[in-house]
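For reference, input_6.cif is printed below; it contains mmCIF, C-alpha atoms.
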data_run
#
loop_
_atom_site.label_atom_id
_atom_site.label_comp_id
_atom_site.auth_asym_id
_atom_site.auth_seq_id
_atom_site.Cartn_x
_atom_site.Cartn_y
_atom_site.Cartn_z
CA MET A 1145 130.75 130.63 80.13
CA SER A 1146 129.49 133.11 82.73
CA GLU A 1147 127.34 131.94 85.63
CA LEU A 1148 123.64 131.53 84.81
CA ILE A 1149 121.33 134.04 86.40
CA GLU A 1150 119.06 132.45 88.99
CA PRO A 1151 115.79 132.23 86.95
CA ILE A 1152 117.56 130.62 83.97
CA ALA A 1153 119.54 128.32 86.27
CA ARG A 1154 116.25 127.21 87.87
CA MET A 1155 114.66 126.50 84.46
CA ALA A 1156 117.79 124.61 83.36
CA ALA A 1157 117.78 122.54 86.56
CA GLU A 1158 114.15 121.48 85.98
CA LEU A 1159 114.74 120.71 82.29
CA ASN A 1160 117.84 118.67 83.23
CA ARG A 1161 115.56 116.31 85.19
CA LEU A 1162 113.90 115.17 81.94
CA PRO A 1163 115.21 111.91 80.43
CA GLY A 1164 117.78 112.41 77.70
CA ILE A 1165 118.34 116.09 78.58
CA GLY A 1166 121.90 116.71 79.71
CA LYS A 1167 123.16 119.81 81.50
CA LYS A 1168 124.24 121.67 78.35
CA THR A 1169 121.03 120.86 76.46
CA ALA A 1170 119.02 121.98 79.49
CA GLN A 1171 120.90 125.28 79.53
CA ARG A 1172 120.30 125.79 75.78
CA LEU A 1173 116.59 125.09 76.24
CA ALA A 1174 116.40 127.44 79.24
CA TYR A 1175 118.05 130.24 77.20
CA HIS A 1176 115.61 129.52 74.35
CA VAL A 1177 112.62 129.72 76.69
CA ALA A 1178 113.97 132.96 78.16
CA SER A 1179 114.13 134.49 74.66
CA GLN A 1180 110.52 133.61 73.74
CA PRO A 1181 107.48 135.90 74.08
CA LEU A 1182 105.71 135.40 77.41
CA GLU A 1183 102.52 134.27 75.61
CA ASP A 1184 104.39 131.40 73.93
CA VAL A 1185 105.98 130.31 77.20
CA ARG A 1186 102.59 130.47 78.94
CA ALA A 1187 101.05 128.32 76.16
CA LEU A 1188 103.81 125.73 76.62
CA ALA A 1189 103.41 125.70 80.40
CA VAL A 1190 99.62 125.42 80.17
CA ALA A 1191 99.86 122.60 77.60
CA LEU A 1192 102.21 120.66 79.90
CA TRP A 1193 100.10 121.31 83.02
CA GLU A 1194 96.72 120.60 81.42
CA GLY A 1195 98.07 117.63 79.49
CA ARG A 1196 99.50 116.03 82.62
CA LYS A 1197 96.23 116.60 84.52
CA ALA A 1198 94.21 114.99 81.69
CA VAL A 1199 96.36 111.85 81.37
CA ARG A 1200 95.36 108.81 83.40
CA PHE A 1201 95.81 105.06 83.19
CA CYS A 1202 93.33 102.88 81.33
CA GLU A 1203 91.41 100.86 83.91
CA THR A 1204 91.65 97.76 81.71
CA CYS A 1205 95.18 97.62 80.31
CA GLY A 1206 97.16 100.28 82.19
CA ASN A 1207 98.06 102.28 79.06
CA TYR A 1208 97.86 106.08 79.04
CA ALA A 1209 94.33 107.29 78.43
CA ALA A 1210 92.25 110.46 78.49
CA SER A 1211 89.22 108.65 79.93
CA GLU A 1212 88.53 105.47 81.93
CA THR A 1213 89.34 103.27 78.91
CA CYS A 1214 92.03 103.86 76.29
CA SER A 1215 91.17 103.97 72.58
CA ILE A 1216 92.71 100.52 71.99
CA CYS A 1217 90.64 98.76 74.66
CA GLY A 1218 87.59 100.69 73.44
CA ASP A 1219 87.98 99.40 69.88
CA PRO A 1220 85.89 96.20 69.40
CA ALA A 1221 88.05 95.20 66.39
CA ARG A 1222 91.09 94.85 68.70
CA HIS A 1223 89.39 92.13 70.79
CA ASN A 1224 90.82 89.29 68.69
CA GLY A 1225 92.07 86.96 71.43
CA GLN A 1226 95.65 88.32 71.47
CA LEU A 1227 97.08 90.10 74.49
CA CYS A 1228 100.54 91.68 74.26
CA VAL A 1229 102.28 92.22 77.61
CA VAL A 1230 104.68 95.19 77.74
CA ARG A 1231 106.66 97.01 80.42
CA ASP A 1232 105.24 100.54 80.09
CA PRO A 1233 103.03 102.77 77.90
CA ARG A 1234 106.00 103.83 75.75
CA ASP A 1235 106.26 100.21 74.62
CA VAL A 1236 102.61 100.28 73.52
CA ALA A 1237 103.43 103.32 71.37
CA ALA A 1238 106.47 101.52 69.90
CA MET A 1239 104.41 98.42 69.04
CA GLU A 1240 101.67 100.55 67.48
CA ARG A 1241 104.20 102.29 65.21
CA THR A 1242 104.90 98.95 63.52
CA HIS A 1243 101.24 98.65 62.33
CA GLU A 1244 101.79 94.87 62.59
CA TYR A 1245 99.87 94.12 65.79
CA SER A 1246 96.09 94.40 66.02
CA GLY A 1247 95.26 92.91 69.43
CA LEU A 1248 95.05 94.27 72.96
CA TYR A 1249 97.78 95.17 75.46
CA HIS A 1250 98.54 94.71 79.12
CA VAL A 1251 101.00 97.20 80.65
CA LEU A 1252 102.95 95.89 83.66
CA HIS A 1253 104.38 99.28 84.72
CA GLY A 1254 107.74 97.74 85.47
CA THR A 1255 109.67 94.49 85.35
CA LEU A 1256 110.79 92.05 88.01
CA SER A 1257 113.99 93.18 89.68
CA PRO A 1258 114.69 91.47 93.02
CA MET A 1259 117.88 93.54 93.44
CA ASN A 1260 115.69 96.66 93.47
CA GLY A 1261 112.96 95.10 95.58
CA ILE A 1262 110.50 94.76 92.68
CA GLY A 1263 108.66 91.47 92.90
CA PRO A 1264 105.44 90.15 91.33
CA ASP A 1265 103.28 92.21 93.71
CA GLN A 1266 104.90 95.50 92.65
CA ILE A 1267 103.90 95.22 88.97
CA ARG A 1268 100.51 94.51 87.36
CA ILE A 1269 100.68 90.69 87.26
CA ARG A 1270 97.60 90.24 89.46
CA GLU A 1271 95.60 92.40 87.03
CA LEU A 1272 96.89 90.31 84.11
CA LEU A 1273 95.66 87.10 85.72
CA ALA A 1274 92.29 88.71 86.46
CA ARG A 1275 91.96 89.64 82.78
CA LEU A 1276 92.71 86.08 81.73
CA ASP A 1277 89.86 84.94 83.97
CA SER A 1278 87.38 87.46 82.58
CA GLU A 1279 88.38 87.92 78.91
CA LYS A 1280 88.70 85.48 76.00
CA VAL A 1281 92.45 85.29 75.46
CA ASP A 1282 93.89 82.73 73.02
CA GLU A 1283 97.50 83.93 73.10
CA VAL A 1284 99.61 86.07 75.41
CA ILE A 1285 102.59 87.68 73.64
CA LEU A 1286 105.41 88.60 76.03
CA ALA A 1287 107.09 91.74 74.68
CA THR A 1288 109.33 92.85 77.52
CA ASN A 1289 112.81 94.16 76.74
CA PRO A 1290 115.64 91.67 76.08
CA ASP A 1291 117.56 92.83 79.17
CA VAL A 1292 118.06 90.92 82.43
CA GLU A 1293 114.87 92.24 84.06
CA GLY A 1294 112.78 91.84 80.90
CA GLU A 1295 113.95 88.27 80.36
CA ALA A 1296 113.33 87.39 84.03
CA THR A 1297 109.82 88.86 83.80
CA ALA A 1298 109.05 87.00 80.57
CA SER A 1299 110.36 83.73 82.02
CA TYR A 1300 108.30 84.15 85.21
CA LEU A 1301 105.13 85.01 83.29
CA GLY A 1302 105.73 82.19 80.82
CA ARG A 1303 105.81 79.61 83.61
CA LEU A 1304 102.79 81.19 85.33
CA LEU A 1305 100.69 81.29 82.17
CA LYS A 1306 101.62 77.82 80.90
CA ALA A 1307 100.58 76.39 84.28
CA ARG A 1308 97.16 77.94 83.62
CA GLY A 1309 96.99 76.39 80.15
CA VAL A 1310 97.37 79.71 78.31
CA ARG A 1311 99.27 79.80 75.00
CA CYS A 1312 102.27 82.02 75.60
CA THR A 1313 104.76 83.35 73.02
CA ARG A 1314 107.81 85.61 73.24
CA ILE A 1315 108.74 88.18 70.63
CA ALA A 1316 111.95 87.34 68.76
CA HIS A 1317 115.03 89.46 69.40
CA GLY A 1318 117.93 89.75 67.05
CA VAL A 1319 120.03 91.77 64.68
CA PRO A 1320 118.51 95.15 63.83
CA VAL A 1321 117.74 95.88 60.18
CA GLY A 1322 120.80 97.55 58.67
CA GLY A 1323 123.06 96.23 61.44
CA ASP A 1324 126.45 94.58 60.87
CA LEU A 1325 127.06 91.13 62.37
CA GLU A 1326 130.63 92.21 63.06
CA TYR A 1327 129.44 94.83 65.55
CA THR A 1328 126.57 92.82 67.05
CA ASP A 1329 127.06 91.49 70.58
CA GLU A 1330 126.93 87.78 71.37
CA VAL A 1331 123.61 87.89 73.27
CA THR A 1332 121.84 89.61 70.37
CA LEU A 1333 123.28 87.11 67.87
CA SER A 1334 122.26 84.23 70.12
CA LYS A 1335 118.70 85.58 70.30
CA ALA A 1336 118.68 86.05 66.52
CA LEU A 1337 119.61 82.38 66.08
CA GLU A 1338 116.95 81.26 68.55
CA GLY A 1339 114.29 83.33 66.78
CA ARG A 1340 115.16 82.09 63.30
CA ARG A 1341 112.35 80.89 60.99
CA GLU A 1342 111.98 78.85 57.84
CA MET A 1343 112.74 80.61 54.55
CA GLU A 1344 109.66 80.95 52.37
#

Produce structure tokens that represent the structure in this file.
Amino acid sequence: MSELIEPIARMAAELNRLPGIGKKTAQRLAYHVASQPLEDVRALAVALWEGRKAVRFCETCGNYAASETCSICGDPARHNGQLCVVRDPRDVAAMERTHEYSGLYHVLHGTLSPMNGIGPDQIRIRELLARLDSEKVDEVILATNPDVEGEATASYLGRLLKARGVRCTRIAHGVPVGGDLEYTDEVTLSKALEGRREME
């Protein structure tokens, strides 16, 4: 393949910085953008620029919002005593797609990772404790990822919350629907066994 001309190379380099976009995909996208009418490219650029400027963090939960409070925190029906703690706003979106959870959220914006210098003061634990003091919370659901950092964060929060007399639960982790036990790793199978429930 011939060398990219400088404007396309620059577009490809910026696109390559996006998560999940490799070098070849970035080049394909850059060529696609270069082939589009200028009005369409301007509309895309304006949508990205204006969208980014309009997005902020909800002052209550830390989720993405277009105003001071996100739509979830602003919905009185969601104030049911449940508070689901997640790592970042993408996890809120994932939980919402299930249509199974109808409470509120608290976004930590990270997980504990001493190796990377991320301790309790670097994520939104202080804000979580402040909410527990000011809101009626019957149950805190810890929904961090089942990786080393997520488990460490859940364990730390579990101890912290239990010491305050708050009911604390952890989402179950296990075999994905449609998955084969043969190809499932030991940690996932172990978590599936731990999270087992009575047959109805």

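The residue that comes closest to Leu1276 in chain A, out of A:Pro1151, A:Pro1233, A:Pro1320, A:Gly1309 and on the basis of all atoms listed in the file, is A:Gly1309.
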
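Distances from A:Asp1277, A:Ser1257, A:Thr1328, A:Gly1322 to Glu1295 in chain A were compared using all atoms listed in the file, and the smallest one belongs to A:Ser1257.
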
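One finds CA of Leu1333 in chain A at 6.0 Å from CA of Gly1318 in chain A.
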
Handout entry: Atom-to-atom span, CA of Ala1237 in chain A and CA of Val1185 in chain A, Å
Key = 27.7 Å

Close residues, Gln1266 in chain A itself excluded, 12 Å, only C-alpha atoms, min 2 positions apart in chain, as a short mmCIF file (atom, residue, chain, number, x, y, z; two decimals) with C-alpha atoms, in the frame of the given file:
data_model
loop_
_atom_site.label_atom_id
_atom_site.label_comp_id
_atom_site.auth_asym_id
_atom_site.auth_seq_id
_atom_site.Cartn_x
_atom_site.Cartn_y
_atom_site.Cartn_z
CA LEU A 1252 102.95 95.89 83.66
CA HIS A 1253 104.38 99.28 84.72
CA GLY A 1254 107.74 97.74 85.47
CA THR A 1255 109.67 94.49 85.35
CA LEU A 1256 110.79 92.05 88.01
CA SER A 1257 113.99 93.18 89.68
CA PRO A 1258 114.69 91.47 93.02
CA ASN A 1260 115.69 96.66 93.47
CA GLY A 1261 112.96 95.10 95.58
CA ILE A 1262 110.50 94.76 92.68
CA GLY A 1263 108.66 91.47 92.90
CA PRO A 1264 105.44 90.15 91.33
CA ARG A 1268 100.51 94.51 87.36
CA ILE A 1269 100.68 90.69 87.26
CA ARG A 1270 97.60 90.24 89.46
CA GLU A 1271 95.60 92.40 87.03
#

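Of the listed residues (A:Ile1315, A:Val1199, A:Leu1192, A:Val1230), A:Val1199 comes nearest to Glu1212 in chain A; the distances count only C-alpha atoms.
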
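Running the PyMOL selection byres ((chain A and resi 1168) around 12) on this file leaves Met1145, Leu1148, Ala1153, Ala1156, Ala1157, Leu1159, Asn1160, Gly1164, Ile1165, Gly1166, Lys1167, Thr1169, Ala1170, Gln1171, Arg1172, Leu1173, Ala1174 and Tyr1175 of chain A selected.
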
Exercise for the section: Give me the residues within 7 Å of Thr1213 in chain A as a PyMOL selection string, counting only C-alpha atoms and dropping any in the same chain fewer than 5 places off. Expected result: chain A and resi 1202-1204+1218

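Picture a line from CA of Ser1246 in chain A to CA of Arg1303 in chain A; it runs 25.0 Å.
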
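Proximity to Ala1210 in chain A was assessed for A:Glu1244, A:Glu1330, A:Glu1194, A:Asp1291 counting all atoms listed in the file; the smallest distance is recorded for A:Glu1194.
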
Problem - Resolved residues for the PyMOL selection byres ((chain A and resi 1279) around 12) as number ranges by chain - result: A: 1204-1205, 1217, 1223-1227, 1248, 1271-1278, 1280-1284

Practice task
Within 9 Å of Ala1198 in chain A, counting only C-alpha atoms, which residues show up once you throw out same-chain ones fewer than 5 positions away? Write them as a VMD selection string, please.
Solution key: chain A and resid 1193 1209 to 1211

Practice task
Find the residue from A:Ile1285, A:Leu1301, A:Ile1267, A:Cys1214 that sits nearest to Tyr1245 in chain A; use only C-alpha atoms when measuring.
Solution key: A:Ile1285

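Proximity ranking of A:Ser1334, A:Arg1311, A:Gly1247, A:Leu1188 relative to Pro1220 in chain A places A:Gly1247 first, based on all atoms listed in the file.
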